[in-house]
>>> print(open('run_31.cif').read())   # mmCIF, C-alpha atoms
data_my_file
loop_
_atom_site.label_atom_id
_atom_site.label_comp_id
_atom_site.auth_asym_id
_atom_site.auth_seq_id
_atom_site.Cartn_x
_atom_site.Cartn_y
_atom_site.Cartn_z
CA MET A 1 23.15 -4.09 7.95
CA MET A 2 20.78 -2.67 10.52
CA SER A 3 17.06 -3.28 10.37
CA SER A 4 13.97 -2.44 12.39
CA ILE A 5 10.79 -4.41 12.92
CA LYS A 6 7.23 -3.32 12.20
CA LYS A 7 4.17 -5.11 13.57
CA MET A 8 0.54 -4.62 12.54
CA VAL A 9 -2.75 -6.51 12.80
CA LEU A 10 -5.50 -6.85 10.21
CA ALA A 11 -9.00 -7.70 11.44
CA TRP A 12 -11.94 -8.95 9.38
CA GLN A 13 -15.03 -6.71 9.59
CA GLY A 14 -17.54 -8.86 7.69
CA ASN A 15 -17.92 -9.55 3.97
CA PHE A 16 -14.71 -8.21 2.35
CA ARG A 17 -14.11 -5.35 4.76
CA PHE A 18 -10.90 -5.27 6.81
CA VAL A 19 -9.18 -2.80 9.12
CA ALA A 20 -5.43 -2.78 9.79
CA ARG A 21 -3.89 -1.15 12.87
CA ASN A 22 -0.34 -0.32 13.84
CA GLU A 23 1.00 -0.46 17.40
CA LYS A 24 -0.12 3.14 18.07
CA GLY A 25 -3.71 2.45 17.03
CA LEU A 26 -3.57 4.29 13.70
CA SER A 27 -5.66 2.42 11.16
CA VAL A 28 -6.63 2.02 7.52
CA ASP A 29 -9.79 0.45 6.10
CA PHE A 30 -10.10 -1.81 3.09
CA ASP A 31 -13.01 -3.01 1.00
CA ALA A 32 -13.49 -4.65 -2.39
CA PRO A 33 -15.16 -3.15 -5.48
CA VAL A 34 -18.84 -4.05 -5.99
CA PRO A 35 -18.11 -6.33 -9.02
CA ASN A 36 -15.76 -8.32 -6.76
CA GLY A 37 -18.37 -8.77 -4.03
CA GLY A 38 -17.48 -5.76 -1.89
CA GLU A 39 -19.44 -2.68 -0.87
CA GLU A 40 -16.84 -0.03 -1.78
CA ALA A 41 -16.82 1.38 1.75
CA ALA A 42 -13.07 1.99 1.41
CA LEU A 43 -10.24 1.74 -1.09
CA SER A 44 -9.10 -1.68 -2.28
CA PRO A 45 -5.64 -3.02 -1.33
CA MET A 46 -4.29 -2.32 -4.83
CA GLU A 47 -5.58 1.26 -4.75
CA ASN A 48 -3.88 1.64 -1.38
CA VAL A 49 -0.58 0.43 -2.77
CA LEU A 50 -0.78 2.88 -5.67
CA ALA A 51 -1.61 5.71 -3.25
CA SER A 52 1.22 4.61 -0.96
CA LEU A 53 3.73 4.83 -3.79
CA ALA A 54 2.68 8.43 -4.53
CA ALA A 55 2.64 9.32 -0.81
CA CYS A 56 6.03 7.76 -0.16
CA SER A 57 7.64 9.51 -3.09
CA SER A 58 5.90 12.78 -2.14
CA TYR A 59 7.20 12.62 1.43
CA HIS A 60 10.73 12.76 0.01
CA VAL A 61 9.95 15.25 -2.78
CA VAL A 62 8.32 17.66 -0.30
CA SER A 63 11.15 17.14 2.16
CA ILE A 64 13.81 17.90 -0.48
CA LEU A 65 11.89 20.91 -1.88
CA ARG A 66 11.74 22.36 1.63
CA LYS A 67 15.47 21.86 2.12
CA LYS A 68 16.01 23.67 -1.17
CA ARG A 69 13.82 26.55 0.14
CA GLN A 70 11.20 26.14 -2.57
CA GLU A 71 8.04 27.99 -1.49
CA PHE A 72 5.30 25.80 -2.86
CA SER A 73 1.68 26.57 -1.97
CA ASP A 74 0.15 23.55 -3.67
CA TYR A 75 1.39 20.10 -4.47
CA SER A 76 -0.34 17.04 -5.91
CA VAL A 77 0.34 13.84 -7.84
CA GLU A 78 -1.78 12.18 -10.50
CA MET A 79 -1.32 8.44 -10.71
CA THR A 80 -2.14 6.31 -13.72
CA ALA A 81 -1.65 2.56 -13.49
CA ASP A 82 -2.10 -0.28 -15.97
CA ARG A 83 -3.34 -3.45 -14.33
CA ARG A 84 -3.37 -6.98 -15.71
CA ASP A 85 -6.81 -8.53 -16.07
CA GLU A 86 -5.54 -12.06 -15.32
CA PRO A 87 -4.39 -13.20 -11.86
CA PRO A 88 -2.24 -12.13 -10.21
CA ARG A 89 -3.79 -8.79 -11.24
CA VAL A 90 -0.58 -6.81 -10.73
CA PHE A 91 0.17 -3.31 -11.96
CA THR A 92 2.37 -3.56 -15.03
CA ARG A 93 3.06 0.17 -15.41
CA ILE A 94 2.62 3.18 -13.14
CA HIS A 95 3.01 6.80 -14.14
CA LEU A 96 3.25 9.56 -11.53
CA LYS A 97 2.69 13.13 -12.63
CA TYR A 98 3.84 15.67 -10.02
CA PHE A 99 2.24 19.13 -9.85
CA VAL A 100 4.04 21.88 -7.95
CA ARG A 101 2.65 25.41 -7.62
CA GLY A 102 4.40 28.30 -5.94
CA LYS A 103 6.59 31.38 -6.09
CA LYS A 104 9.83 31.22 -8.08
CA ILE A 105 9.83 27.42 -8.15
CA SER A 106 13.07 26.18 -9.68
CA GLU A 107 12.57 23.51 -12.33
CA GLU A 108 16.01 22.13 -11.48
CA ALA A 109 14.98 21.71 -7.82
CA VAL A 110 11.75 19.89 -8.75
CA LYS A 111 13.51 17.64 -11.23
CA SER A 112 16.25 16.68 -8.80
CA ALA A 113 13.83 16.18 -5.88
CA ILE A 114 11.81 13.72 -7.98
CA LYS A 115 14.93 11.96 -9.22
CA LEU A 116 16.42 11.60 -5.72
CA SER A 117 13.12 10.36 -4.31
CA GLU A 118 12.56 7.81 -7.05
CA GLU A 119 16.11 6.56 -7.39
CA LYS A 120 17.34 6.67 -3.82
CA TYR A 121 14.87 7.34 -1.02
CA CYS A 122 11.35 6.15 -1.76
CA SER A 123 11.06 2.74 -0.13
CA VAL A 124 7.69 1.80 -1.64
CA GLY A 125 9.15 2.45 -5.09
CA GLY A 126 12.26 0.53 -4.07
CA MET A 127 10.12 -2.56 -3.51
CA LEU A 128 7.85 -2.17 -6.54
CA LYS A 129 10.29 -1.22 -9.24
CA SER A 130 11.65 -4.69 -9.85
CA ALA A 131 8.09 -5.81 -10.74
CA VAL A 132 6.48 -2.66 -12.17
CA GLU A 133 7.68 -0.14 -14.75
CA ILE A 134 7.46 3.23 -12.96
CA THR A 135 7.74 6.50 -14.91
CA SER A 136 7.15 10.12 -13.96
CA SER A 137 6.68 13.66 -15.24
CA TYR A 138 6.03 17.04 -13.65
CA GLU A 139 4.27 20.34 -14.19
CA ILE A 140 5.22 23.57 -12.44
CA SER A 141 2.83 26.51 -12.03
CA GLN A 142 4.46 29.80 -11.09
CA GLU A 143 2.35 32.08 -8.91
CA MET B 1 -3.04 -9.62 -22.70
CA MET B 2 -5.91 -7.50 -21.43
CA SER B 3 -5.37 -4.72 -18.94
CA SER B 4 -7.39 -2.04 -17.21
CA ILE B 5 -6.42 1.45 -16.11
CA LYS B 6 -6.65 2.92 -12.62
CA LYS B 7 -6.41 6.65 -11.91
CA MET B 8 -6.00 8.35 -8.55
CA VAL B 9 -4.91 11.73 -7.20
CA LEU B 10 -2.77 12.50 -4.15
CA ALA B 11 -3.10 15.95 -2.57
CA TRP B 12 -0.76 17.61 -0.09
CA GLN B 13 -2.44 18.62 3.18
CA GLY B 14 0.42 20.53 4.84
CA ASN B 15 3.59 19.29 6.50
CA PHE B 16 3.88 15.58 5.58
CA ARG B 17 0.17 14.86 5.43
CA PHE B 18 -1.39 13.65 2.18
CA VAL B 19 -4.75 12.31 1.07
CA ALA B 20 -5.24 10.07 -1.96
CA ARG B 21 -8.61 9.68 -3.71
CA ASN B 22 -9.89 7.29 -6.35
CA GLU B 23 -12.42 8.24 -9.06
CA LYS B 24 -15.34 7.41 -6.76
CA GLY B 25 -14.10 9.72 -4.00
CA LEU B 26 -12.92 6.97 -1.63
CA SER B 27 -9.79 8.13 0.16
CA VAL B 28 -6.85 7.18 2.35
CA ASP B 29 -4.76 9.48 4.54
CA PHE B 30 -1.01 9.39 5.05
CA ASP B 31 1.33 10.98 7.56
CA ALA B 32 4.92 10.49 8.67
CA PRO B 33 6.15 9.26 12.09
CA VAL B 34 7.15 12.02 14.55
CA PRO B 35 10.90 11.21 14.30
CA ASN B 36 10.60 11.81 10.53
CA GLY B 37 8.92 15.20 10.95
CA GLY B 38 5.30 14.07 10.81
CA GLU B 39 2.46 14.27 13.30
CA GLU B 40 1.33 10.63 13.14
CA ALA B 41 -2.21 11.62 12.17
CA ALA B 42 -2.37 8.59 9.89
CA LEU B 43 -0.39 5.53 8.87
CA SER B 44 2.81 5.98 6.88
CA PRO B 45 3.03 4.82 3.25
CA MET B 46 5.11 1.77 4.24
CA GLU B 47 2.61 0.77 6.94
CA ASN B 48 -0.12 1.11 4.31
CA VAL B 49 1.73 -1.20 1.93
CA LEU B 50 2.18 -3.82 4.66
CA ALA B 51 -1.52 -3.56 5.56
CA SER B 52 -2.45 -3.76 1.85
CA LEU B 53 -0.52 -7.00 1.45
CA ALA B 54 -2.43 -8.60 4.35
CA ALA B 55 -5.77 -7.18 3.10
CA CYS B 56 -5.18 -8.33 -0.47
CA SER B 57 -4.23 -11.83 0.60
CA SER B 58 -7.16 -11.91 3.05
CA TYR B 59 -9.66 -10.94 0.36
CA HIS B 60 -8.70 -14.13 -1.48
CA VAL B 61 -8.38 -16.32 1.63
CA VAL B 62 -11.83 -15.26 2.88
CA SER B 63 -13.28 -15.70 -0.61
CA ILE B 64 -11.87 -19.23 -0.94
CA LEU B 65 -12.90 -20.23 2.61
CA ARG B 66 -16.46 -19.15 1.81
CA LYS B 67 -16.48 -21.18 -1.40
CA LYS B 68 -15.29 -24.16 0.64
CA ARG B 69 -18.22 -23.57 3.06
CA GLN B 70 -15.96 -22.89 6.04
CA GLU B 71 -18.02 -21.20 8.77
CA PHE B 72 -15.51 -18.83 10.33
CA SER B 73 -16.69 -16.32 12.94
CA ASP B 74 -13.40 -14.52 13.34
CA TYR B 75 -10.43 -13.91 11.09
CA SER B 76 -7.31 -11.82 11.50
CA VAL B 77 -3.72 -11.54 10.31
CA GLU B 78 -0.63 -10.53 12.27
CA MET B 79 2.07 -8.94 10.15
CA THR B 80 5.74 -8.75 11.09
CA ALA B 81 8.12 -6.95 8.76
CA ASP B 82 11.87 -6.37 8.82
CA ARG B 83 12.83 -3.02 7.40
CA ARG B 84 16.24 -1.79 6.29
CA ASP B 85 17.54 1.20 8.19
CA GLU B 86 19.41 2.60 5.17
CA PRO B 87 17.67 4.16 2.14
CA PRO B 88 15.73 2.92 0.34
CA ARG B 89 14.19 1.67 3.62
CA VAL B 90 12.48 -1.32 2.03
CA PHE B 91 11.00 -4.31 3.81
CA THR B 92 13.39 -7.21 3.49
CA ARG B 93 11.13 -9.85 5.03
CA ILE B 94 7.43 -10.02 5.79
CA HIS B 95 5.69 -12.73 7.78
CA LEU B 96 1.91 -13.06 7.75
CA LYS B 97 0.26 -15.16 10.46
CA TYR B 98 -3.37 -15.99 9.67
CA PHE B 99 -5.85 -16.66 12.50
CA VAL B 100 -9.12 -18.42 11.67
CA ARG B 101 -11.76 -19.19 14.28
CA GLY B 102 -14.97 -21.10 13.67
CA LYS B 103 -16.97 -24.32 13.68
CA LYS B 104 -15.40 -27.43 12.16
CA ILE B 105 -12.75 -25.44 10.29
CA SER B 106 -10.79 -27.74 8.01
CA GLU B 107 -7.03 -27.29 8.28
CA GLU B 108 -6.72 -28.48 4.68
CA ALA B 109 -9.10 -25.72 3.52
CA VAL B 110 -7.18 -23.01 5.40
CA LYS B 111 -3.83 -24.25 4.13
CA SER B 112 -4.96 -24.41 0.53
CA ALA B 113 -6.75 -21.01 0.69
CA ILE B 114 -3.53 -19.36 1.91
CA LYS B 115 -1.42 -21.18 -0.67
CA LEU B 116 -3.74 -20.26 -3.57
CA SER B 117 -3.93 -16.65 -2.42
CA GLU B 118 -0.18 -16.26 -2.00
CA GLU B 119 0.92 -18.20 -5.06
CA LYS B 120 -1.77 -17.31 -7.57
CA TYR B 121 -4.27 -14.60 -6.75
CA CYS B 122 -2.90 -11.91 -4.43
CA SER B 123 -1.78 -9.06 -6.68
CA VAL B 124 -0.03 -7.02 -3.96
CA GLY B 125 2.05 -10.09 -3.10
CA GLY B 126 2.61 -10.68 -6.80
CA MET B 127 4.31 -7.29 -7.05
CA LEU B 128 6.25 -7.46 -3.77
CA LYS B 129 7.59 -10.98 -3.83
CA SER B 130 10.39 -10.35 -6.28
CA ALA B 131 11.80 -7.78 -3.81
CA VAL B 132 10.71 -9.06 -0.39
CA GLU B 133 10.86 -12.51 1.19
CA ILE B 134 7.26 -13.26 2.20
CA THR B 135 6.46 -16.18 4.51
CA SER B 136 3.30 -17.24 6.31
CA SER B 137 1.84 -19.45 9.02
CA TYR B 138 -1.65 -20.03 10.45
CA GLU B 139 -3.50 -20.87 13.64
CA ILE B 140 -6.98 -22.35 13.73
CA SER B 141 -9.29 -22.08 16.75
CA GLN B 142 -12.25 -24.49 16.77
CA GLU B 143 -15.41 -23.18 18.45
#
>>> encode(input="run_31.cif", output="structure tokens")
Amino acid sequence: MMSSIKKMVLAWQGNFRFVARNEKGLSVDFDAPVPNGGEEAALSPMENVLASLAACSSYHVVSILRKKRQEFSDYSVEMTADRRDEPPRVFTRIHLKYFVRGKKISEEAVKSAIKLSEEKYCSVGGMLKSAVEITSSYEISQE
Amino acid sequence: MMSSIKKMVLAWQGNFRFVARNEKGLSVDFDAPVPNGGEEAALSPMENVLASLAACSSYHVVSILRKKRQEFSDYSVEMTADRRDEPPRVFTRIHLKYFVRGKKISEEAVKSAIKLSEEKYCSVGGMLKSAVEITSSYEISQE
């Protein structure tokens, strides 16, 4: 089985602020919520993971919808996550609700794009789903 | 068991660019690598997850080092991840190398901070470790 290697560096920026960079210099900032001693200058790591799940799945959903010639003008995902209050404060359940707006959007295409993304392609979901119950739904708005 | 709920929204920004926002308006951007059709305007979802693991663990490591009165002046983490080339393109192994620089840094304190973070507190690690082999090491530089 082939594999590739990814390298990144995280640097401390004072208090609970951190910045992570990849080899091309692209970066993401992190901070902690105020009740946890942070200043809320950026999303927390757990918020970033939740966002990454939606973004990863959406990359594949958008990619498949394009291949199926679906002309969407707007696309978004609402995420709702239940989080344990005791450490480790993991997500126990995540629901993703996909919104697709456009002309003559096929429900079948949306349904199968989401299914393919979640069951086969989305790598963030592929890592999380053994620990977190992930469900989804969708809403289509015809223009 | 108590739990809390987190809500976020991901919005499509054209091509493979997305932005995710929490309820306070804090956001993170995503893009895809050029070979995958993106423009590399931001980190990919998988890079964000890797960064989030290091940031989550570091929040706890830094927090514990402070409680143990360790006067560090610099702190960083190098991440190395092996990723499958076939879908789902999950990480199969992640190594975190922690770097702590400061005055009279106790190796015992660093070791136990990393252990507590990884085994008990870090919630991103708590979700990933059933799917990914996560290892770590550290290097201390005395000032």
>>> resolve_selection(input="run_31.cif", expression="the PyMOL selection byres ((chain B and resi 27) around 10)", output="list in words")
Asp29, Ala41, Ala42, Leu43, Glu47, Asn48 and Ala51 of chain A; Met8, Val9, Leu10, Val19, Ala20, Arg21, Asn22, Glu23, Lys24, Gly25, Leu26, Val28 and Asp29 of chain B
>>> interface_residues(input="run_31.cif", of="chain B", to="chain A", cutoff="6 Å", atoms="all atoms listed in the file", output="ChimeraX atom specification")
/B:2-12,20,26,42-43,45,49,51-52,56,75-85,87-90,120-123,127,131
>>> residues_around(input="run_31.cif", residues="B:Gln142", least_positions_apart="3", cutoff="10 Å", atoms="only C-alpha atoms", output="number ranges by chain")
B: 72, 100-106, 139
>>> atom_distance(input="run_31.cif", atom1="atom CA of A:Glu143", atom2="atom CA of B:Glu39")
28.5 Å
>>> atom_distance(input="run_31.cif", atom1="atom CA of B:Thr135", atom2="atom CA of B:Pro33")
26.5 Å
>>> atom_distance(input="run_31.cif", atom1="atom CA of A:Gln70", atom2="atom CA of A:Ile134")
25.4 Å
>>> axis_aligned_box(input="run_31.cif", around="stretch 110-126 of chain B", padding_each_side="3 Å", output="lines of an AutoDock Vina configuration file")
center_x = -2.3
center_y = -15.7
center_z = -1.1
size_x = 15.8
size_y = 23.4
size_z = 19.0
>>> closest_residue(input="run_31.cif", among="A:Glu133, A:Arg69, A:Ser141, A:Ile64", to="A:Ile114", atoms="only C-alpha atoms")
A:Ile64
